[in-house]
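Novice: Got a structure for you, questions after.
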Amino acid sequence: MKRLAPLALLLLSACGLEPMYAGAGNGAVARGLAAVAVPPIEGKAGWLMRNALADRLHTAGAAEARYRLDVRLDDRLEGLGLLANDTIGRERRTLRARYQLVDLATGAILVDATAGSDAGIDVASSEYATVAAEQTALENLTRSVADRIVTRLALHLRGAAGQ
């Protein structure tokens, strides 16, 4: 079994797989992500999303923006699960983002896509607990959707760097 390990490593290196963030902070993908500017996004969910994207793109202190990421959010909270006394027992929070990566030099739209996620919330007898759960769900959803957006952008930038 120990003799197969070097063979397996040799075969794996020959398959053409390479790390997305090759070169760490100096790699093409990391430099491309750092060059993405995120303008303000409307609403509380927009503020959370912009901060989550800035954290993931590492745009704080970035040299010069080459791209702009336009994001429009649809944040919905709907009641589900009526109880016997006609009160809502469960809620569903859905966050959807439509985003476009725009090349600032040409104005061309490089990526036009959507990402979304949803969460279930138990409605507690305490109104404060329910509001806190709704807020926590929104914060978690923005992080999840921001992760999906950045992954999609990284894939695009990796493909563009390989051309």
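Lettering and numbering for the structure tokens are positional, with chains as A, B, ... in the shown order, residues counted from 1 in each chain, and ligands counted from 1 in the shown order.
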From a DSSP calculation on the backbone, collect every residue of stretch 91-156 of chain A in alpha helix (DSSP H) and output the set as an mmCIF file with N, CA and C atoms, in the first residue's frame.
Specialist:
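This went into selection_6.cif:
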```cif
data_model
loop_
_atom_site.group_PDB
_atom_site.id
_atom_site.type_symbol
_atom_site.label_atom_id
_atom_site.label_comp_id
_atom_site.auth_asym_id
_atom_site.auth_seq_id
_atom_site.Cartn_x
_atom_site.Cartn_y
_atom_site.Cartn_z
ATOM 1 N N GLU A 127 -41.506 37.773 21.395
ATOM 2 C CA GLU A 127 -41.328 38.529 20.157
ATOM 3 C C GLU A 127 -39.861 38.900 19.960
ATOM 4 N N TYR A 128 -39.167 39.209 21.046
ATOM 5 C CA TYR A 128 -37.750 39.548 20.969
ATOM 6 C C TYR A 128 -36.940 38.379 20.408
ATOM 7 N N ALA A 129 -37.231 37.177 20.875
ATOM 8 C CA ALA A 129 -36.509 36.002 20.400
ATOM 9 C C ALA A 129 -36.758 35.776 18.911
ATOM 10 N N THR A 130 -37.973 36.014 18.469
ATOM 11 C CA THR A 130 -38.295 35.838 17.050
ATOM 12 C C THR A 130 -37.561 36.861 16.198
ATOM 13 N N VAL A 131 -37.551 38.123 16.637
ATOM 14 C CA VAL A 131 -36.840 39.161 15.888
ATOM 15 C C VAL A 131 -35.346 38.861 15.854
ATOM 16 N N ALA A 132 -34.784 38.395 16.961
ATOM 17 C CA ALA A 132 -33.366 38.036 16.999
ATOM 18 C C ALA A 132 -33.080 36.874 16.050
ATOM 19 N N ALA A 133 -33.973 35.892 15.989
ATOM 20 C CA ALA A 133 -33.802 34.759 15.075
ATOM 21 C C ALA A 133 -33.879 35.213 13.618
ATOM 22 N N GLU A 134 -34.787 36.136 13.322
ATOM 23 C CA GLU A 134 -34.901 36.659 11.956
ATOM 24 C C GLU A 134 -33.627 37.401 11.558
ATOM 25 N N GLN A 135 -33.075 38.195 12.488
ATOM 26 C CA GLN A 135 -31.842 38.935 12.218
ATOM 27 C C GLN A 135 -30.662 37.988 12.014
ATOM 28 N N THR A 136 -30.566 36.985 12.864
ATOM 29 C CA THR A 136 -29.481 36.008 12.734
ATOM 30 C C THR A 136 -29.584 35.263 11.412
ATOM 31 N N ALA A 137 -30.797 34.922 11.022
ATOM 32 C CA ALA A 137 -30.998 34.244 9.736
ATOM 33 C C ALA A 137 -30.530 35.129 8.586
ATOM 34 N N LEU A 138 -30.852 36.426 8.634
ATOM 35 C CA LEU A 138 -30.426 37.340 7.580
ATOM 36 C C LEU A 138 -28.900 37.429 7.521
ATOM 37 N N GLU A 139 -28.257 37.526 8.673
ATOM 38 C CA GLU A 139 -26.802 37.597 8.699
ATOM 39 C C GLU A 139 -26.175 36.330 8.118
ATOM 40 N N ASN A 140 -26.705 35.177 8.491
ATOM 41 C CA ASN A 140 -26.185 33.914 7.963
ATOM 42 C C ASN A 140 -26.435 33.782 6.464
ATOM 43 N N LEU A 141 -27.601 34.216 6.016
ATOM 44 C CA LEU A 141 -27.924 34.139 4.592
ATOM 45 C C LEU A 141 -27.016 35.045 3.768
ATOM 46 N N THR A 142 -26.724 36.248 4.258
ATOM 47 C CA THR A 142 -25.845 37.141 3.497
ATOM 48 C C THR A 142 -24.450 36.540 3.365
ATOM 49 N N ARG A 143 -23.962 35.910 4.426
ATOM 50 C CA ARG A 143 -22.644 35.269 4.337
ATOM 51 C C ARG A 143 -22.668 34.119 3.331
ATOM 52 N N SER A 144 -23.716 33.325 3.362
ATOM 53 C CA SER A 144 -23.825 32.185 2.445
ATOM 54 C C SER A 144 -23.904 32.640 0.991
ATOM 55 N N VAL A 145 -24.736 33.642 0.728
ATOM 56 C CA VAL A 145 -24.887 34.138 -0.642
ATOM 57 C C VAL A 145 -23.601 34.835 -1.094
ATOM 58 N N ALA A 146 -22.949 35.571 -0.210
ATOM 59 C CA ALA A 146 -21.677 36.216 -0.562
ATOM 60 C C ALA A 146 -20.631 35.166 -0.927
ATOM 61 N N ASP A 147 -20.595 34.060 -0.191
ATOM 62 C CA ASP A 147 -19.663 32.973 -0.524
ATOM 63 C C ASP A 147 -19.923 32.443 -1.928
ATOM 64 N N ARG A 148 -21.180 32.271 -2.270
ATOM 65 C CA ARG A 148 -21.526 31.755 -3.602
ATOM 66 C C ARG A 148 -21.144 32.738 -4.695
ATOM 67 N N ILE A 149 -21.368 34.016 -4.444
ATOM 68 C CA ILE A 149 -21.027 35.034 -5.437
ATOM 69 C C ILE A 149 -19.520 35.060 -5.661
ATOM 70 N N VAL A 150 -18.756 35.079 -4.591
ATOM 71 C CA VAL A 150 -17.293 35.156 -4.715
ATOM 72 C C VAL A 150 -16.735 33.898 -5.382
ATOM 73 N N THR A 151 -17.303 32.753 -5.079
ATOM 74 C CA THR A 151 -16.857 31.522 -5.743
ATOM 75 C C THR A 151 -17.092 31.611 -7.243
ATOM 76 N N ARG A 152 -18.250 32.108 -7.646
ATOM 77 C CA ARG A 152 -18.562 32.253 -9.083
ATOM 78 C C ARG A 152 -17.620 33.250 -9.745
ATOM 79 N N LEU A 153 -17.335 34.361 -9.055
ATOM 80 C CA LEU A 153 -16.404 35.341 -9.606
ATOM 81 C C LEU A 153 -14.996 34.755 -9.734
ATOM 82 N N ALA A 154 -14.585 33.999 -8.722
ATOM 83 C CA ALA A 154 -13.249 33.388 -8.755
ATOM 84 C C ALA A 154 -13.134 32.422 -9.924
ATOM 85 N N LEU A 155 -14.177 31.640 -10.168
ATOM 86 C CA LEU A 155 -14.159 30.716 -11.308
ATOM 87 C C LEU A 155 -14.035 31.480 -12.624
ATOM 88 N N HIS A 156 -14.759 32.582 -12.739
ATOM 89 C CA HIS A 156 -14.677 33.380 -13.956
ATOM 90 C C HIS A 156 -13.280 33.972 -14.119
#
```
Novice: Can you list, as a PyMOL selection string, every protein, DNA or RNA residue that comes within 9 Å of A:Glu64 when you count only C-alpha atoms, leaving out same-chain residues fewer than 2 positions away?
Specialist: chain A and resi 34-37+62+66
Novice: Could you give me, as a PyMOL selection string, the residues within 9 Å of A:Arg76, counting only C-alpha atoms and dropping anything in the same chain fewer than 4 positions from it?
Specialist: chain A and resi 92-96
Novice: For atom CA of A:Ala52 and atom CA of A:Val38, quote the distance in Å rounded to one decimal.
Specialist: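 Between these atoms lies a distance of 10.5 Å.
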Novice: Applying 12 Å and only C-alpha atoms, which residues near A:Gly89 remain after dropping the ones on its own chain fewer than 2 positions away? List them as a short mmCIF file (atom, residue, chain, number, x, y, z; two decimals) with N, CA and C atoms, in the first residue's frame.
Specialist:
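Produced file out.cif, reproduced below:
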```cif
data_model
loop_
_atom_site.label_atom_id
_atom_site.label_comp_id
_atom_site.auth_asym_id
_atom_site.auth_seq_id
_atom_site.Cartn_x
_atom_site.Cartn_y
_atom_site.Cartn_z
N GLU A 78 -41.61 35.09 4.99
CA GLU A 78 -43.00 34.66 4.89
C GLU A 78 -43.35 33.70 6.02
N GLY A 79 -44.58 33.82 6.47
CA GLY A 79 -45.05 32.95 7.54
C GLY A 79 -45.53 31.61 7.00
N LEU A 80 -45.19 30.57 7.72
CA LEU A 80 -45.59 29.21 7.36
C LEU A 80 -46.12 28.53 8.62
N GLY A 81 -46.77 27.46 8.47
CA GLY A 81 -47.16 26.62 9.61
C GLY A 81 -48.10 27.29 10.58
N LEU A 82 -49.35 27.46 10.18
CA LEU A 82 -50.34 28.03 11.10
C LEU A 82 -50.66 27.05 12.22
N LEU A 83 -50.71 27.58 13.42
CA LEU A 83 -51.05 26.78 14.59
C LEU A 83 -52.58 26.78 14.78
N ALA A 84 -53.04 26.02 15.72
CA ALA A 84 -54.48 25.89 15.97
C ALA A 84 -55.13 27.23 16.34
N ASN A 85 -54.38 28.12 16.98
CA ASN A 85 -54.93 29.43 17.36
C ASN A 85 -54.69 30.50 16.28
N ASP A 86 -54.47 30.08 15.05
CA ASP A 86 -54.25 30.96 13.89
C ASP A 86 -53.04 31.87 14.02
N THR A 87 -52.02 31.44 14.74
CA THR A 87 -50.76 32.17 14.78
C THR A 87 -49.73 31.41 13.95
N GLU A 91 -41.40 30.51 10.14
CA GLU A 91 -41.20 31.47 9.07
C GLU A 91 -40.08 30.98 8.16
N ARG A 92 -40.10 31.49 6.95
CA ARG A 92 -39.05 31.17 5.99
C ARG A 92 -38.48 32.49 5.49
N GLY A 120 -35.12 28.45 7.63
CA GLY A 120 -36.35 28.31 8.39
C GLY A 120 -36.16 28.87 9.78
N ILE A 121 -37.20 29.52 10.30
CA ILE A 121 -37.13 30.17 11.60
C ILE A 121 -38.33 29.72 12.42
N ASP A 122 -38.08 29.23 13.62
CA ASP A 122 -39.16 28.91 14.55
C ASP A 122 -39.64 30.20 15.20
N VAL A 123 -40.94 30.42 15.21
CA VAL A 123 -41.51 31.59 15.85
C VAL A 123 -41.71 31.25 17.32
N ALA A 124 -41.01 31.98 18.18
CA ALA A 124 -41.08 31.73 19.62
C ALA A 124 -42.20 32.56 20.25
N SER A 125 -42.53 32.24 21.48
CA SER A 125 -43.55 32.99 22.18
C SER A 125 -43.07 34.39 22.53
N THR A 130 -37.97 36.01 18.47
CA THR A 130 -38.30 35.84 17.05
C THR A 130 -37.56 36.86 16.20
#
```
Novice: Run DSSP on the backbone and give me the residues of stretch 12-137 of chain A it puts in strand (DSSP E or B), as a ChimeraX atom specification.
Specialist: /A:36-37,67-82,88-103,109-122
Novice: Only N, CA and C atoms, please: the residues just picked out, written as a short mmCIF file (atom, residue, chain, number, x, y, z; two decimals), in the first residue's frame.
Specialist:
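So selection.cif came out as:
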```cif
data_model
loop_
_atom_site.label_atom_id
_atom_site.label_comp_id
_atom_site.auth_asym_id
_atom_site.auth_seq_id
_atom_site.Cartn_x
_atom_site.Cartn_y
_atom_site.Cartn_z
N VAL A 36 -12.14 44.17 -7.45
CA VAL A 36 -13.60 44.30 -7.62
C VAL A 36 -14.13 45.33 -6.64
N ALA A 37 -14.76 46.37 -7.15
CA ALA A 37 -15.40 47.39 -6.31
C ALA A 37 -16.87 47.02 -6.13
N TYR A 67 -13.00 46.16 -11.88
CA TYR A 67 -14.35 45.63 -12.06
C TYR A 67 -15.29 46.28 -11.06
N ARG A 68 -16.57 46.26 -11.40
CA ARG A 68 -17.62 46.70 -10.48
C ARG A 68 -18.62 45.56 -10.34
N LEU A 69 -19.00 45.27 -9.13
CA LEU A 69 -19.98 44.22 -8.86
C LEU A 69 -21.29 44.88 -8.46
N ASP A 70 -22.26 44.85 -9.37
CA ASP A 70 -23.60 45.39 -9.10
C ASP A 70 -24.47 44.28 -8.54
N VAL A 71 -25.09 44.53 -7.39
CA VAL A 71 -25.90 43.51 -6.72
C VAL A 71 -27.27 44.10 -6.40
N ARG A 72 -28.31 43.32 -6.74
CA ARG A 72 -29.69 43.66 -6.34
C ARG A 72 -30.21 42.50 -5.51
N LEU A 73 -30.76 42.82 -4.35
CA LEU A 73 -31.22 41.79 -3.43
C LEU A 73 -32.73 41.72 -3.37
N ASP A 74 -33.23 40.53 -3.14
CA ASP A 74 -34.64 40.28 -2.86
C ASP A 74 -34.69 39.50 -1.55
N ASP A 75 -35.09 40.16 -0.47
CA ASP A 75 -35.14 39.57 0.86
C ASP A 75 -36.61 39.41 1.23
N ARG A 76 -37.02 38.17 1.44
CA ARG A 76 -38.42 37.89 1.76
C ARG A 76 -38.53 37.10 3.06
N LEU A 77 -39.54 37.45 3.82
CA LEU A 77 -39.84 36.75 5.05
C LEU A 77 -41.32 36.39 4.99
N GLU A 78 -41.61 35.09 4.99
CA GLU A 78 -43.00 34.66 4.89
C GLU A 78 -43.35 33.70 6.02
N GLY A 79 -44.58 33.82 6.47
CA GLY A 79 -45.05 32.95 7.54
C GLY A 79 -45.53 31.61 7.00
N LEU A 80 -45.19 30.57 7.72
CA LEU A 80 -45.59 29.21 7.36
C LEU A 80 -46.12 28.53 8.62
N GLY A 81 -46.77 27.46 8.47
CA GLY A 81 -47.16 26.62 9.61
C GLY A 81 -48.10 27.29 10.58
N LEU A 82 -49.35 27.46 10.18
CA LEU A 82 -50.34 28.03 11.10
C LEU A 82 -50.66 27.05 12.22
N ILE A 88 -48.74 32.13 13.52
CA ILE A 88 -47.70 31.54 12.69
C ILE A 88 -46.69 30.84 13.60
N GLY A 89 -46.37 29.61 13.28
CA GLY A 89 -45.43 28.84 14.08
C GLY A 89 -44.05 28.73 13.47
N ARG A 90 -43.94 29.07 12.19
CA ARG A 90 -42.65 28.96 11.50
C ARG A 90 -42.61 30.00 10.40
N GLU A 91 -41.40 30.51 10.14
CA GLU A 91 -41.20 31.47 9.07
C GLU A 91 -40.08 30.98 8.16
N ARG A 92 -40.10 31.49 6.95
CA ARG A 92 -39.05 31.17 5.99
C ARG A 92 -38.48 32.49 5.49
N ARG A 93 -37.17 32.65 5.63
CA ARG A 93 -36.49 33.84 5.11
C ARG A 93 -35.70 33.42 3.89
N THR A 94 -35.93 34.13 2.79
CA THR A 94 -35.28 33.84 1.52
C THR A 94 -34.50 35.07 1.08
N LEU A 95 -33.25 34.88 0.73
CA LEU A 95 -32.42 35.96 0.22
C LEU A 95 -31.90 35.55 -1.16
N ARG A 96 -32.24 36.33 -2.16
CA ARG A 96 -31.78 36.09 -3.53
C ARG A 96 -31.01 37.32 -4.00
N ALA A 97 -29.93 37.10 -4.72
CA ALA A 97 -29.12 38.19 -5.25
C ALA A 97 -28.94 38.01 -6.74
N ARG A 98 -29.21 39.05 -7.48
CA ARG A 98 -28.85 39.09 -8.90
C ARG A 98 -27.64 40.00 -8.99
N TYR A 99 -26.58 39.50 -9.58
CA TYR A 99 -25.35 40.28 -9.61
C TYR A 99 -24.73 40.26 -11.00
N GLN A 100 -24.01 41.34 -11.28
CA GLN A 100 -23.31 41.48 -12.55
C GLN A 100 -21.90 41.99 -12.27
N LEU A 101 -20.93 41.35 -12.87
CA LEU A 101 -19.55 41.81 -12.81
C LEU A 101 -19.30 42.61 -14.08
N VAL A 102 -18.97 43.88 -13.91
CA VAL A 102 -18.80 44.79 -15.04
C VAL A 102 -17.34 45.19 -15.15
N ASP A 103 -16.78 45.07 -16.35
CA ASP A 103 -15.43 45.52 -16.63
C ASP A 103 -15.48 47.04 -16.75
N ILE A 109 -20.37 43.40 -19.52
CA ILE A 109 -20.82 42.57 -18.41
C ILE A 109 -20.16 41.21 -18.57
N LEU A 110 -19.29 40.87 -17.61
CA LEU A 110 -18.52 39.64 -17.68
C LEU A 110 -19.26 38.46 -17.05
N VAL A 111 -19.99 38.73 -15.99
CA VAL A 111 -20.77 37.70 -15.29
C VAL A 111 -22.14 38.29 -14.99
N ASP A 112 -23.18 37.57 -15.32
CA ASP A 112 -24.56 37.96 -15.00
C ASP A 112 -25.23 36.72 -14.44
N ALA A 113 -25.43 36.68 -13.13
CA ALA A 113 -25.92 35.46 -12.51
C ALA A 113 -26.75 35.78 -11.27
N THR A 114 -27.29 34.73 -10.67
CA THR A 114 -28.04 34.86 -9.42
C THR A 114 -27.49 33.86 -8.41
N ALA A 115 -27.70 34.18 -7.16
CA ALA A 115 -27.36 33.28 -6.07
C ALA A 115 -28.39 33.49 -4.98
N GLY A 116 -28.66 32.46 -4.23
CA GLY A 116 -29.64 32.61 -3.17
C GLY A 116 -29.54 31.51 -2.14
N SER A 117 -30.25 31.75 -1.06
CA SER A 117 -30.31 30.77 0.01
C SER A 117 -31.55 31.08 0.85
N ASP A 118 -31.96 30.11 1.64
CA ASP A 118 -33.10 30.35 2.51
C ASP A 118 -32.89 29.65 3.85
N ALA A 119 -33.66 30.10 4.84
CA ALA A 119 -33.54 29.56 6.19
C ALA A 119 -34.93 29.47 6.82
N GLY A 120 -35.12 28.45 7.63
CA GLY A 120 -36.35 28.31 8.39
C GLY A 120 -36.16 28.87 9.78
N ILE A 121 -37.20 29.52 10.30
CA ILE A 121 -37.13 30.17 11.60
C ILE A 121 -38.33 29.72 12.42
N ASP A 122 -38.08 29.23 13.62
CA ASP A 122 -39.16 28.91 14.55
C ASP A 122 -39.64 30.20 15.20
#
```
Novice: Can you measure atom CA of A:Arg158 to atom CA of A:Ala108 for me? One decimal in Å is fine.
Specialist: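 Between these atoms lies a distance of 17.7 Å.
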